[in-house]
Each structure stands twice: as structure tokens, then as C-alpha cells.
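Note: the block below is data_21.cif and it holds mmCIF, N, CA and C atoms.
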```cif
data_protein
#
loop_
_atom_site.label_atom_id
_atom_site.label_comp_id
_atom_site.auth_asym_id
_atom_site.auth_seq_id
_atom_site.Cartn_x
_atom_site.Cartn_y
_atom_site.Cartn_z
N MET R 1 0.84 -1.17 0.00
CA MET R 1 0.00 0.00 0.00
C MET R 1 0.89 1.24 0.00
N GLU R 2 0.46 2.25 -0.74
CA GLU R 2 1.24 3.49 -0.83
C GLU R 2 1.16 4.23 0.49
N PRO R 3 2.23 4.91 0.89
CA PRO R 3 2.26 5.58 2.20
C PRO R 3 1.23 6.70 2.35
N ASN R 4 0.84 7.37 1.28
CA ASN R 4 -0.11 8.49 1.38
C ASN R 4 -1.57 8.06 1.29
N LYS R 5 -1.83 6.81 1.05
CA LYS R 5 -3.20 6.30 0.95
C LYS R 5 -3.79 6.11 2.34
N LYS R 6 -5.02 6.53 2.51
CA LYS R 6 -5.70 6.35 3.80
C LYS R 6 -6.37 4.99 3.83
N LYS R 7 -6.35 4.40 5.00
CA LYS R 7 -7.04 3.14 5.20
C LYS R 7 -8.47 3.43 5.64
N VAL R 8 -9.37 2.65 5.13
CA VAL R 8 -10.76 2.79 5.52
C VAL R 8 -11.08 1.64 6.46
N LEU R 9 -11.58 1.99 7.63
CA LEU R 9 -11.94 0.96 8.59
C LEU R 9 -13.32 0.41 8.29
N ARG R 10 -13.53 -0.83 8.64
CA ARG R 10 -14.82 -1.45 8.43
C ARG R 10 -15.87 -0.75 9.28
N LYS R 11 -16.99 -0.41 8.68
CA LYS R 11 -18.07 0.28 9.39
C LYS R 11 -18.97 -0.76 10.01
N ALA R 12 -19.19 -0.62 11.30
CA ALA R 12 -20.07 -1.54 12.02
C ALA R 12 -21.50 -0.99 12.01
N PRO R 13 -22.49 -1.86 12.02
CA PRO R 13 -23.88 -1.39 12.05
C PRO R 13 -24.20 -0.79 13.42
N PRO R 14 -25.18 0.10 13.47
CA PRO R 14 -25.58 0.69 14.76
C PRO R 14 -26.25 -0.37 15.62
N LYS R 15 -25.67 -0.67 16.76
CA LYS R 15 -26.15 -1.77 17.58
C LYS R 15 -27.47 -1.46 18.28
N GLN R 16 -27.52 -0.38 19.03
CA GLN R 16 -28.71 -0.10 19.84
C GLN R 16 -29.92 0.28 18.99
N SER R 17 -29.74 1.15 18.02
CA SER R 17 -30.88 1.57 17.22
C SER R 17 -31.42 0.43 16.38
N ALA R 18 -30.54 -0.41 15.86
CA ALA R 18 -30.99 -1.57 15.09
C ALA R 18 -31.78 -2.52 15.98
N ARG R 19 -31.33 -2.71 17.21
CA ARG R 19 -32.05 -3.59 18.14
C ARG R 19 -33.41 -3.01 18.49
N MET R 20 -33.47 -1.68 18.62
CA MET R 20 -34.75 -1.02 18.90
C MET R 20 -35.74 -1.26 17.77
N VAL R 21 -35.30 -1.04 16.54
CA VAL R 21 -36.19 -1.23 15.39
C VAL R 21 -36.65 -2.68 15.32
N GLU R 22 -35.72 -3.60 15.51
CA GLU R 22 -36.05 -5.02 15.46
C GLU R 22 -37.06 -5.38 16.55
N THR R 23 -36.86 -4.88 17.75
CA THR R 23 -37.76 -5.18 18.87
C THR R 23 -39.14 -4.59 18.63
N ILE R 24 -39.19 -3.36 18.16
CA ILE R 24 -40.47 -2.70 17.93
C ILE R 24 -41.24 -3.39 16.82
N TYR R 25 -40.59 -3.69 15.71
CA TYR R 25 -41.27 -4.41 14.64
C TYR R 25 -41.58 -5.85 15.03
N GLY R 26 -40.79 -6.40 15.94
CA GLY R 26 -41.05 -7.76 16.42
C GLY R 26 -42.28 -7.84 17.31
N CYS R 27 -42.65 -6.73 17.92
CA CYS R 27 -43.86 -6.66 18.75
C CYS R 27 -44.99 -6.24 17.84
N LYS R 28 -45.92 -7.12 17.59
CA LYS R 28 -46.96 -6.81 16.60
C LYS R 28 -47.91 -5.71 17.05
N TRP R 29 -47.83 -5.28 18.31
CA TRP R 29 -48.76 -4.28 18.81
C TRP R 29 -48.16 -2.88 18.90
N SER R 30 -46.85 -2.72 18.81
CA SER R 30 -46.24 -1.40 18.98
C SER R 30 -46.78 -0.37 17.99
N LEU R 31 -46.87 -0.73 16.73
CA LEU R 31 -47.35 0.23 15.74
C LEU R 31 -48.80 0.61 16.02
N THR R 32 -49.58 -0.33 16.51
CA THR R 32 -50.97 -0.04 16.88
C THR R 32 -51.01 0.91 18.07
N VAL R 33 -50.13 0.71 19.03
CA VAL R 33 -50.06 1.61 20.20
C VAL R 33 -49.73 3.03 19.75
N TYR R 34 -48.80 3.16 18.81
CA TYR R 34 -48.45 4.50 18.32
C TYR R 34 -49.65 5.16 17.64
N ARG R 35 -50.42 4.37 16.91
CA ARG R 35 -51.62 4.91 16.27
C ARG R 35 -52.64 5.36 17.31
N LEU R 36 -52.81 4.56 18.37
CA LEU R 36 -53.72 4.92 19.46
C LEU R 36 -53.30 6.24 20.10
N LEU R 37 -52.00 6.38 20.36
CA LEU R 37 -51.50 7.61 20.98
C LEU R 37 -51.72 8.81 20.06
N ALA R 38 -51.58 8.61 18.75
CA ALA R 38 -51.83 9.69 17.80
C ALA R 38 -53.31 10.10 17.84
N LEU R 39 -54.18 9.15 18.18
CA LEU R 39 -55.62 9.43 18.31
C LEU R 39 -55.99 9.91 19.71
N GLU R 40 -54.96 10.18 20.53
CA GLU R 40 -55.11 10.65 21.91
C GLU R 40 -55.79 9.62 22.82
N ILE R 41 -55.60 8.36 22.50
CA ILE R 41 -56.01 7.27 23.38
C ILE R 41 -54.74 6.85 24.10
N ASN R 42 -54.58 7.32 25.34
CA ASN R 42 -53.29 7.15 26.01
C ASN R 42 -53.35 6.43 27.35
N ARG R 43 -54.53 5.92 27.71
CA ARG R 43 -54.65 5.17 28.95
C ARG R 43 -54.76 3.68 28.62
N PRO R 44 -54.04 2.83 29.35
CA PRO R 44 -54.01 1.40 29.01
C PRO R 44 -55.38 0.74 28.91
N GLY R 45 -56.27 1.02 29.84
CA GLY R 45 -57.59 0.40 29.79
C GLY R 45 -58.35 0.79 28.53
N GLU R 46 -58.24 2.04 28.16
CA GLU R 46 -58.90 2.53 26.95
C GLU R 46 -58.27 1.91 25.71
N MET R 47 -56.95 1.71 25.75
CA MET R 47 -56.26 1.07 24.62
C MET R 47 -56.78 -0.35 24.41
N VAL R 48 -56.87 -1.11 25.50
CA VAL R 48 -57.34 -2.50 25.41
C VAL R 48 -58.76 -2.55 24.87
N ARG R 49 -59.61 -1.64 25.34
CA ARG R 49 -60.99 -1.62 24.87
C ARG R 49 -61.11 -1.18 23.42
N SER R 50 -60.13 -0.45 22.92
CA SER R 50 -60.18 0.10 21.56
C SER R 50 -59.70 -0.87 20.48
N VAL R 51 -58.97 -1.92 20.88
CA VAL R 51 -58.36 -2.82 19.89
C VAL R 51 -58.78 -4.26 20.19
N GLU R 52 -59.47 -4.85 19.25
CA GLU R 52 -59.89 -6.24 19.41
C GLU R 52 -58.66 -7.16 19.39
N GLY R 53 -58.59 -8.06 20.35
CA GLY R 53 -57.49 -9.02 20.40
C GLY R 53 -56.30 -8.58 21.24
N LEU R 54 -56.31 -7.36 21.72
CA LEU R 54 -55.20 -6.86 22.53
C LEU R 54 -55.52 -7.09 24.00
N SER R 55 -54.65 -7.84 24.69
CA SER R 55 -54.86 -8.12 26.12
C SER R 55 -54.06 -7.13 26.95
N ALA R 56 -54.47 -6.96 28.18
CA ALA R 56 -53.78 -6.05 29.10
C ALA R 56 -52.34 -6.52 29.33
N LYS R 57 -52.13 -7.83 29.44
CA LYS R 57 -50.79 -8.36 29.69
C LYS R 57 -49.84 -8.03 28.54
N VAL R 58 -50.29 -8.29 27.31
CA VAL R 58 -49.45 -8.02 26.14
C VAL R 58 -49.22 -6.52 25.98
N LEU R 59 -50.27 -5.72 26.20
CA LEU R 59 -50.13 -4.27 26.10
C LEU R 59 -49.11 -3.76 27.10
N ASN R 60 -49.19 -4.22 28.34
CA ASN R 60 -48.25 -3.75 29.37
C ASN R 60 -46.81 -4.09 29.03
N GLU R 61 -46.59 -5.27 28.46
CA GLU R 61 -45.23 -5.65 28.04
C GLU R 61 -44.75 -4.75 26.91
N CYS R 62 -45.61 -4.47 25.97
CA CYS R 62 -45.28 -3.60 24.85
C CYS R 62 -44.97 -2.19 25.35
N LEU R 63 -45.81 -1.67 26.24
CA LEU R 63 -45.59 -0.33 26.79
C LEU R 63 -44.29 -0.27 27.58
N ARG R 64 -44.01 -1.32 28.35
CA ARG R 64 -42.79 -1.37 29.15
C ARG R 64 -41.55 -1.29 28.26
N LYS R 65 -41.54 -2.06 27.16
CA LYS R 65 -40.40 -2.03 26.24
C LYS R 65 -40.22 -0.64 25.66
N ASN R 66 -41.31 0.00 25.29
CA ASN R 66 -41.23 1.33 24.70
C ASN R 66 -40.74 2.36 25.71
N VAL R 67 -41.12 2.20 26.97
CA VAL R 67 -40.63 3.10 28.01
C VAL R 67 -39.14 2.87 28.23
N GLU R 68 -38.71 1.60 28.26
CA GLU R 68 -37.29 1.28 28.45
C GLU R 68 -36.42 1.88 27.35
N PHE R 69 -36.92 1.87 26.12
CA PHE R 69 -36.18 2.44 25.00
C PHE R 69 -36.21 3.96 25.00
N GLY R 70 -37.10 4.56 25.80
CA GLY R 70 -37.21 6.01 25.83
C GLY R 70 -38.14 6.56 24.77
N ILE R 71 -38.91 5.69 24.12
CA ILE R 71 -39.84 6.11 23.07
C ILE R 71 -41.11 6.70 23.70
N LEU R 72 -41.55 6.06 24.77
CA LEU R 72 -42.74 6.52 25.48
C LEU R 72 -42.39 6.90 26.90
N GLU R 73 -43.22 7.74 27.48
CA GLU R 73 -43.07 8.13 28.88
C GLU R 73 -44.34 7.71 29.61
N ARG R 74 -44.17 7.11 30.78
CA ARG R 74 -45.29 6.70 31.61
C ARG R 74 -45.54 7.80 32.64
N VAL R 75 -46.77 8.31 32.66
CA VAL R 75 -47.12 9.38 33.59
C VAL R 75 -48.16 8.82 34.56
N SER R 76 -47.80 8.79 35.86
CA SER R 76 -48.71 8.30 36.90
C SER R 76 -49.28 9.48 37.65
N TYR R 77 -50.58 9.45 37.86
CA TYR R 77 -51.25 10.50 38.62
C TYR R 77 -51.62 9.96 39.99
N ASN R 78 -51.39 10.75 41.01
CA ASN R 78 -51.68 10.34 42.38
C ASN R 78 -53.16 10.58 42.67
N GLU R 79 -53.97 9.68 42.16
CA GLU R 79 -55.42 9.79 42.30
C GLU R 79 -55.99 8.45 42.75
N ILE R 80 -57.21 8.50 43.20
CA ILE R 80 -57.94 7.29 43.52
C ILE R 80 -59.18 7.29 42.64
N PRO R 81 -59.40 6.33 41.78
CA PRO R 81 -58.50 5.21 41.45
C PRO R 81 -57.26 5.72 40.70
N PRO R 82 -56.19 4.93 40.75
CA PRO R 82 -54.94 5.34 40.10
C PRO R 82 -55.14 5.55 38.59
N ARG R 83 -54.46 6.52 38.06
CA ARG R 83 -54.55 6.81 36.63
C ARG R 83 -53.14 6.86 36.05
N VAL R 84 -52.96 6.16 34.92
CA VAL R 84 -51.68 6.13 34.21
C VAL R 84 -51.95 6.49 32.76
N GLU R 85 -51.09 7.33 32.21
CA GLU R 85 -51.18 7.70 30.80
C GLU R 85 -49.79 7.59 30.18
N TYR R 86 -49.76 7.38 28.88
CA TYR R 86 -48.50 7.28 28.15
C TYR R 86 -48.44 8.38 27.10
N THR R 87 -47.25 8.94 26.93
CA THR R 87 -47.03 9.96 25.92
C THR R 87 -45.75 9.63 25.16
N VAL R 88 -45.67 10.15 23.95
CA VAL R 88 -44.47 9.97 23.13
C VAL R 88 -43.45 11.03 23.56
N THR R 89 -42.21 10.60 23.80
CA THR R 89 -41.13 11.52 24.18
C THR R 89 -40.59 12.23 22.94
N LYS R 90 -39.75 13.23 23.16
CA LYS R 90 -39.07 13.92 22.04
C LYS R 90 -38.25 12.90 21.24
N PHE R 91 -37.53 12.04 21.96
CA PHE R 91 -36.77 10.99 21.29
C PHE R 91 -37.71 10.07 20.52
N GLY R 92 -38.86 9.74 21.13
CA GLY R 92 -39.84 8.89 20.48
C GLY R 92 -40.35 9.49 19.18
N GLU R 93 -40.52 10.80 19.15
CA GLU R 93 -40.96 11.46 17.92
C GLU R 93 -39.93 11.25 16.81
N LYS R 94 -38.65 11.36 17.15
CA LYS R 94 -37.59 11.11 16.17
C LYS R 94 -37.64 9.66 15.70
N PHE R 95 -37.80 8.75 16.66
CA PHE R 95 -37.84 7.33 16.33
C PHE R 95 -39.04 7.01 15.44
N LEU R 96 -40.19 7.59 15.72
CA LEU R 96 -41.38 7.36 14.89
C LEU R 96 -41.17 7.90 13.48
N ASN R 97 -40.41 8.98 13.34
CA ASN R 97 -40.08 9.48 12.01
C ASN R 97 -39.24 8.47 11.24
N VAL R 98 -38.31 7.81 11.94
CA VAL R 98 -37.49 6.77 11.31
C VAL R 98 -38.39 5.62 10.84
N LEU R 99 -39.33 5.20 11.69
CA LEU R 99 -40.25 4.13 11.31
C LEU R 99 -41.09 4.52 10.10
N GLU R 100 -41.50 5.78 10.06
CA GLU R 100 -42.29 6.27 8.92
C GLU R 100 -41.47 6.21 7.63
N GLU R 101 -40.19 6.57 7.73
CA GLU R 101 -39.32 6.49 6.55
C GLU R 101 -39.12 5.04 6.10
N LEU R 102 -39.02 4.12 7.06
CA LEU R 102 -38.91 2.71 6.71
C LEU R 102 -40.16 2.22 5.99
N GLU R 103 -41.33 2.69 6.43
CA GLU R 103 -42.58 2.32 5.76
C GLU R 103 -42.62 2.86 4.34
N LYS R 104 -42.14 4.09 4.15
CA LYS R 104 -42.08 4.67 2.80
C LYS R 104 -41.15 3.85 1.91
N LEU R 105 -40.01 3.46 2.47
CA LEU R 105 -39.06 2.64 1.72
C LEU R 105 -39.71 1.31 1.33
N GLN R 106 -40.44 0.71 2.26
CA GLN R 106 -41.11 -0.55 1.96
C GLN R 106 -42.16 -0.37 0.87
N ASP R 107 -42.88 0.75 0.89
CA ASP R 107 -43.86 1.04 -0.17
C ASP R 107 -43.17 1.11 -1.54
N GLU R 108 -41.99 1.75 -1.59
CA GLU R 108 -41.24 1.83 -2.84
C GLU R 108 -40.81 0.44 -3.30
N ILE R 109 -40.35 -0.38 -2.36
CA ILE R 109 -39.94 -1.74 -2.70
C ILE R 109 -41.13 -2.53 -3.24
N ASP R 110 -42.28 -2.39 -2.58
CA ASP R 110 -43.48 -3.10 -3.04
C ASP R 110 -43.89 -2.66 -4.44
N GLN R 111 -43.78 -1.35 -4.71
CA GLN R 111 -44.12 -0.86 -6.04
C GLN R 111 -43.16 -1.40 -7.10
N MET R 112 -41.87 -1.45 -6.78
CA MET R 112 -40.89 -1.99 -7.72
C MET R 112 -41.16 -3.45 -7.99
N ASN R 113 -41.53 -4.20 -6.97
CA ASN R 113 -41.78 -5.63 -7.12
C ASN R 113 -43.08 -5.93 -7.85
N SER R 114 -44.02 -5.01 -7.86
CA SER R 114 -45.30 -5.27 -8.52
C SER R 114 -45.28 -4.87 -9.98
N GLN R 115 -44.18 -4.28 -10.44
CA GLN R 115 -44.11 -3.85 -11.84
C GLN R 115 -43.53 -4.92 -12.73
#
```
Go ahead and render the structure in this file as C-alpha cells.
Amino acid sequence: MEPNKKKVLRKAPPKQSARMVETIYGCKWSLTVYRLLALEINRPGEMVRSVEGLSAKVLNECLRKNVEFGILERVSYNEIPPRVEYTVTKFGEKFLNVLEELEKLQDEIDQMNSQ
């Protein structure tokens, strides 16, 4: 190799963000939860009642993963009966934009494949 030539190091894939996307798409309810939040349905009980086939157990696991990733924020109110609501964080808004771009890319792929 010539002395003035620069070496290019192998680029590694983004570990955490790739795992987030894989986990979110792996949970079949996450995208539905985001749609519910966009419709201002942000309480778990209301979410379960709004979607046929969604159980409280599965919803809670989905919400927990999203909170752990920082996509959603859990807000607890000190009331009787207890009230919990979920909101999308600033980081979550960025992440949802990435998911939207992935959906657009998939639409383009589908169009190319149907021609």
C-alpha cells in the first residue's frame, strides 16, 4: 500500500438503534399503540378496549419495552382510582419518524416488485 493512501476501517452497524427497530417491529402491537397515541387514546384500559385481540398483559409488556427504549413516557397521577397515561417523548418522535421512513421505503420496494 502506498504511504499516502488512507485506510478505511470497516463500518459496524448501529447496535442499539438496530435492536430497537427489530424489537419494535417484532412486537406486533407497537405500531398499533403509536396509532392509538396519535388518536389521543393514552390510557391502558382505553387502549385494550379500543383494539380487538389486545390483552392487558401483552399491552403492558409492549408499553414497558417502549418506556425502556425512551420512546414513550409513563405518567402516573396520584389519584384514587390510580390513573396512568402514556405519551411519546421527544426521542420517540424522532424514532417514529425513522419508522415512517422505513414504511415509505417498503412502499417503494413493493411498487418496484409489482411492476
### Message
Please enumerate the residues selected by the PyMOL selection byres ((chain R and resi 72-89) around 8) when evaluated against the supplied file, formatted as a PyMOL selection string.
### Response
chain R and resi 37+41-45+63+65-71+90-95
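Straight-line separation from atom CA of R:Gly53 to atom CA of R:Lys28: 11.4 Å.
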### Message
Just want the 12 Å neighbourhood of stretch 101-115 of chain R, counted on only C-alpha atoms, with same-chain residues fewer than 3 positions away dropped. Output as an MDAnalysis selection string.
### Response
chainID R and resid 21 25 31 94:98
Could the residues in this selection be saved with N, CA and C atoms as a PDB file, keeping the file's coordinate frame?
```pdb
ATOM      1  N   VAL R  21     -35.300  -1.040  16.540  1.00  0.00           N
ATOM      2  CA  VAL R  21     -36.190  -1.230  15.390  1.00  0.00           C
ATOM      3  C   VAL R  21     -36.650  -2.680  15.320  1.00  0.00           C
ATOM      4  N   TYR R  25     -40.590  -3.690  15.710  1.00  0.00           N
ATOM      5  CA  TYR R  25     -41.270  -4.410  14.640  1.00  0.00           C
ATOM      6  C   TYR R  25     -41.580  -5.850  15.030  1.00  0.00           C
ATOM      7  N   LEU R  31     -46.870  -0.730  16.730  1.00  0.00           N
ATOM      8  CA  LEU R  31     -47.350   0.230  15.740  1.00  0.00           C
ATOM      9  C   LEU R  31     -48.800   0.610  16.020  1.00  0.00           C
ATOM     10  N   LYS R  94     -38.650  11.360  17.150  1.00  0.00           N
ATOM     11  CA  LYS R  94     -37.590  11.110  16.170  1.00  0.00           C
ATOM     12  C   LYS R  94     -37.640   9.660  15.700  1.00  0.00           C
ATOM     13  N   PHE R  95     -37.800   8.750  16.660  1.00  0.00           N
ATOM     14  CA  PHE R  95     -37.840   7.330  16.330  1.00  0.00           C
ATOM     15  C   PHE R  95     -39.040   7.010  15.440  1.00  0.00           C
ATOM     16  N   LEU R  96     -40.190   7.590  15.720  1.00  0.00           N
ATOM     17  CA  LEU R  96     -41.380   7.360  14.890  1.00  0.00           C
ATOM     18  C   LEU R  96     -41.170   7.900  13.480  1.00  0.00           C
ATOM     19  N   ASN R  97     -40.410   8.980  13.340  1.00  0.00           N
ATOM     20  CA  ASN R  97     -40.080   9.480  12.010  1.00  0.00           C
ATOM     21  C   ASN R  97     -39.240   8.470  11.240  1.00  0.00           C
ATOM     22  N   VAL R  98     -38.310   7.810  11.940  1.00  0.00           N
ATOM     23  CA  VAL R  98     -37.490   6.770  11.310  1.00  0.00           C
ATOM     24  C   VAL R  98     -38.390   5.620  10.840  1.00  0.00           C
TER      25      VAL R  98
END
```
#### Entry: Å distance separating atom CA of R:Ala38 from atom CA of R:Gly26, one decimal place
20.6 Å
Give me, as a CSV table (one decimal) with N, CA and C atoms, keeping the file's coordinate frame, the residues of chain R that a backbone DSSP run labels strand (DSSP E or B).
```
chain,number,residue,atom,x,y,z
R,72,LEU,N,-41.6,6.1,24.8
R,72,LEU,CA,-42.7,6.5,25.5
R,72,LEU,C,-42.4,6.9,26.9
R,73,GLU,N,-43.2,7.7,27.5
R,73,GLU,CA,-43.1,8.1,28.9
R,73,GLU,C,-44.3,7.7,29.6
R,74,ARG,N,-44.2,7.1,30.8
R,74,ARG,CA,-45.3,6.7,31.6
R,74,ARG,C,-45.5,7.8,32.6
R,75,VAL,N,-46.8,8.3,32.7
R,75,VAL,CA,-47.1,9.4,33.6
R,75,VAL,C,-48.2,8.8,34.6
R,76,SER,N,-47.8,8.8,35.9
R,76,SER,CA,-48.7,8.3,36.9
R,76,SER,C,-49.3,9.5,37.6
R,77,TYR,N,-50.6,9.4,37.9
R,77,TYR,CA,-51.2,10.5,38.6
R,77,TYR,C,-51.6,10.0,40.0
R,83,ARG,N,-54.5,6.5,38.1
R,83,ARG,CA,-54.6,6.8,36.6
R,83,ARG,C,-53.1,6.9,36.0
R,84,VAL,N,-53.0,6.2,34.9
R,84,VAL,CA,-51.7,6.1,34.2
R,84,VAL,C,-52.0,6.5,32.8
R,85,GLU,N,-51.1,7.3,32.2
R,85,GLU,CA,-51.2,7.7,30.8
R,85,GLU,C,-49.8,7.6,30.2
R,86,TYR,N,-49.8,7.4,28.9
R,86,TYR,CA,-48.5,7.3,28.2
R,86,TYR,C,-48.4,8.4,27.1
R,87,THR,N,-47.2,8.9,26.9
R,87,THR,CA,-47.0,10.0,25.9
R,87,THR,C,-45.8,9.6,25.2
R,88,VAL,N,-45.7,10.2,24.0
R,88,VAL,CA,-44.5,10.0,23.1
R,88,VAL,C,-43.4,11.0,23.6
```
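Counting from atom CA of R:Cys62, the distance to atom CA of R:Arg19 is 14.8 Å.
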Put the listed atoms of stretch 85-93 of chain R in a box along x, y and z with 8 Å added on every side and give me the centre and edge lengths in Å to one decimal, as AutoDock Vina command-line options.
```
--center_x -44.0 --center_y 10.6 --center_z 24.5 --size_x 30.4 --size_y 22.6 --size_z 31.4
```
### Task
Fewer than 4 positions away in the same chain doesn't count, so skip those; otherwise give me all residues within 8 Å of R:Trp29, counting all atoms listed in the file, as a PyMOL selection string.
chain R and resi 24-25+33-35+54+58-59+62-63
Can you write out the residues you just picked, keeping N, CA and C atoms, as a PDB file, in the frame of the given file?
```
ATOM      1  N   ILE R  24     -39.190  -3.360  18.160  1.00  0.00           N
ATOM      2  CA  ILE R  24     -40.470  -2.700  17.930  1.00  0.00           C
ATOM      3  C   ILE R  24     -41.240  -3.390  16.820  1.00  0.00           C
ATOM      4  N   TYR R  25     -40.590  -3.690  15.710  1.00  0.00           N
ATOM      5  CA  TYR R  25     -41.270  -4.410  14.640  1.00  0.00           C
ATOM      6  C   TYR R  25     -41.580  -5.850  15.030  1.00  0.00           C
ATOM      7  N   VAL R  33     -50.130   0.710  19.030  1.00  0.00           N
ATOM      8  CA  VAL R  33     -50.060   1.610  20.200  1.00  0.00           C
ATOM      9  C   VAL R  33     -49.730   3.030  19.750  1.00  0.00           C
ATOM     10  N   TYR R  34     -48.800   3.160  18.810  1.00  0.00           N
ATOM     11  CA  TYR R  34     -48.450   4.500  18.320  1.00  0.00           C
ATOM     12  C   TYR R  34     -49.650   5.160  17.640  1.00  0.00           C
ATOM     13  N   ARG R  35     -50.420   4.370  16.910  1.00  0.00           N
ATOM     14  CA  ARG R  35     -51.620   4.910  16.270  1.00  0.00           C
ATOM     15  C   ARG R  35     -52.640   5.360  17.310  1.00  0.00           C
ATOM     16  N   LEU R  54     -56.310  -7.360  21.720  1.00  0.00           N
ATOM     17  CA  LEU R  54     -55.200  -6.860  22.530  1.00  0.00           C
ATOM     18  C   LEU R  54     -55.520  -7.090  24.000  1.00  0.00           C
ATOM     19  N   VAL R  58     -50.290  -8.290  27.310  1.00  0.00           N
ATOM     20  CA  VAL R  58     -49.450  -8.020  26.140  1.00  0.00           C
ATOM     21  C   VAL R  58     -49.220  -6.520  25.980  1.00  0.00           C
ATOM     22  N   LEU R  59     -50.270  -5.720  26.200  1.00  0.00           N
ATOM     23  CA  LEU R  59     -50.130  -4.270  26.100  1.00  0.00           C
ATOM     24  C   LEU R  59     -49.110  -3.760  27.100  1.00  0.00           C
ATOM     25  N   CYS R  62     -45.610  -4.470  25.970  1.00  0.00           N
ATOM     26  CA  CYS R  62     -45.280  -3.600  24.850  1.00  0.00           C
ATOM     27  C   CYS R  62     -44.970  -2.190  25.350  1.00  0.00           C
ATOM     28  N   LEU R  63     -45.810  -1.670  26.240  1.00  0.00           N
ATOM     29  CA  LEU R  63     -45.590  -0.330  26.790  1.00  0.00           C
ATOM     30  C   LEU R  63     -44.290  -0.270  27.580  1.00  0.00           C
TER      31      LEU R  63
END
```
### Task
Report the residues of stretch 11-111 of chain R whose backbone DSSP state falls under helix (DSSP H, G or I), written as JSON, numbers by chain.
{"R": [15, 16, 17, 18, 19, 20, 21, 22, 23, 24, 25, 26, 30, 31, 32, 33, 34, 35, 36, 37, 38, 44, 45, 46, 47, 48, 49, 50, 56, 57, 58, 59, 60, 61, 62, 63, 64, 65, 66, 67, 68, 69, 90, 91, 92, 93, 94, 95, 96, 97, 98, 99, 100, 101, 102, 103, 104, 105, 106, 107, 108, 109, 110, 111]}
Residue completion, stretch 3-8 of chain R, all heavy atoms, as an mmCIF file, keeping the file's coordinate frame:
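So the final result, stored in rebuild-v5.cif, reads:
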```cif
data_model
loop_
_atom_site.group_PDB
_atom_site.id
_atom_site.type_symbol
_atom_site.label_atom_id
_atom_site.label_comp_id
_atom_site.auth_asym_id
_atom_site.auth_seq_id
_atom_site.Cartn_x
_atom_site.Cartn_y
_atom_site.Cartn_z
ATOM 1 N N PRO R 3 2.230 4.910 0.890
ATOM 2 C CA PRO R 3 2.260 5.580 2.200
ATOM 3 C C PRO R 3 1.230 6.700 2.350
ATOM 4 O O PRO R 3 0.777 6.985 3.437
ATOM 5 C CB PRO R 3 3.675 6.130 2.313
ATOM 6 C CG PRO R 3 4.361 5.853 1.039
ATOM 7 C CD PRO R 3 3.498 4.999 0.194
ATOM 8 N N ASN R 4 0.840 7.370 1.280
ATOM 9 C CA ASN R 4 -0.110 8.490 1.380
ATOM 10 C C ASN R 4 -1.570 8.060 1.290
ATOM 11 O O ASN R 4 -2.463 8.882 1.394
ATOM 12 C CB ASN R 4 0.189 9.530 0.299
ATOM 13 C CG ASN R 4 1.517 10.218 0.537
ATOM 14 O OD1 ASN R 4 1.998 10.261 1.661
ATOM 15 N ND2 ASN R 4 2.107 10.736 -0.512
ATOM 16 N N LYS R 5 -1.830 6.810 1.050
ATOM 17 C CA LYS R 5 -3.200 6.300 0.950
ATOM 18 C C LYS R 5 -3.790 6.110 2.340
ATOM 19 O O LYS R 5 -3.129 5.579 3.234
ATOM 20 C CB LYS R 5 -3.243 4.964 0.201
ATOM 21 C CG LYS R 5 -2.877 5.059 -1.239
ATOM 22 C CD LYS R 5 -4.078 5.437 -2.048
ATOM 23 C CE LYS R 5 -3.721 5.391 -3.515
ATOM 24 N NZ LYS R 5 -4.844 5.507 -4.360
ATOM 25 N N LYS R 6 -5.020 6.530 2.510
ATOM 26 C CA LYS R 6 -5.700 6.350 3.800
ATOM 27 C C LYS R 6 -6.370 4.990 3.830
ATOM 28 O O LYS R 6 -6.908 4.520 2.828
ATOM 29 C CB LYS R 6 -6.765 7.424 4.009
ATOM 30 C CG LYS R 6 -6.194 8.790 4.209
ATOM 31 C CD LYS R 6 -7.277 9.778 4.540
ATOM 32 C CE LYS R 6 -6.682 11.143 4.763
ATOM 33 N NZ LYS R 6 -7.691 12.128 5.120
ATOM 34 N N LYS R 7 -6.350 4.400 5.000
ATOM 35 C CA LYS R 7 -7.040 3.140 5.200
ATOM 36 C C LYS R 7 -8.470 3.430 5.640
ATOM 37 O O LYS R 7 -8.709 4.337 6.424
ATOM 38 C CB LYS R 7 -6.350 2.294 6.271
ATOM 39 C CG LYS R 7 -5.038 1.727 5.852
ATOM 40 C CD LYS R 7 -4.511 0.805 6.931
ATOM 41 C CE LYS R 7 -3.190 0.219 6.522
ATOM 42 N NZ LYS R 7 -2.671 -0.696 7.539
ATOM 43 N N VAL R 8 -9.370 2.650 5.130
ATOM 44 C CA VAL R 8 -10.760 2.790 5.520
ATOM 45 C C VAL R 8 -11.080 1.640 6.460
ATOM 46 O O VAL R 8 -10.851 0.469 6.140
ATOM 47 C CB VAL R 8 -11.702 2.747 4.289
ATOM 48 C CG1 VAL R 8 -13.154 2.796 4.718
ATOM 49 C CG2 VAL R 8 -11.369 3.877 3.347
#
```
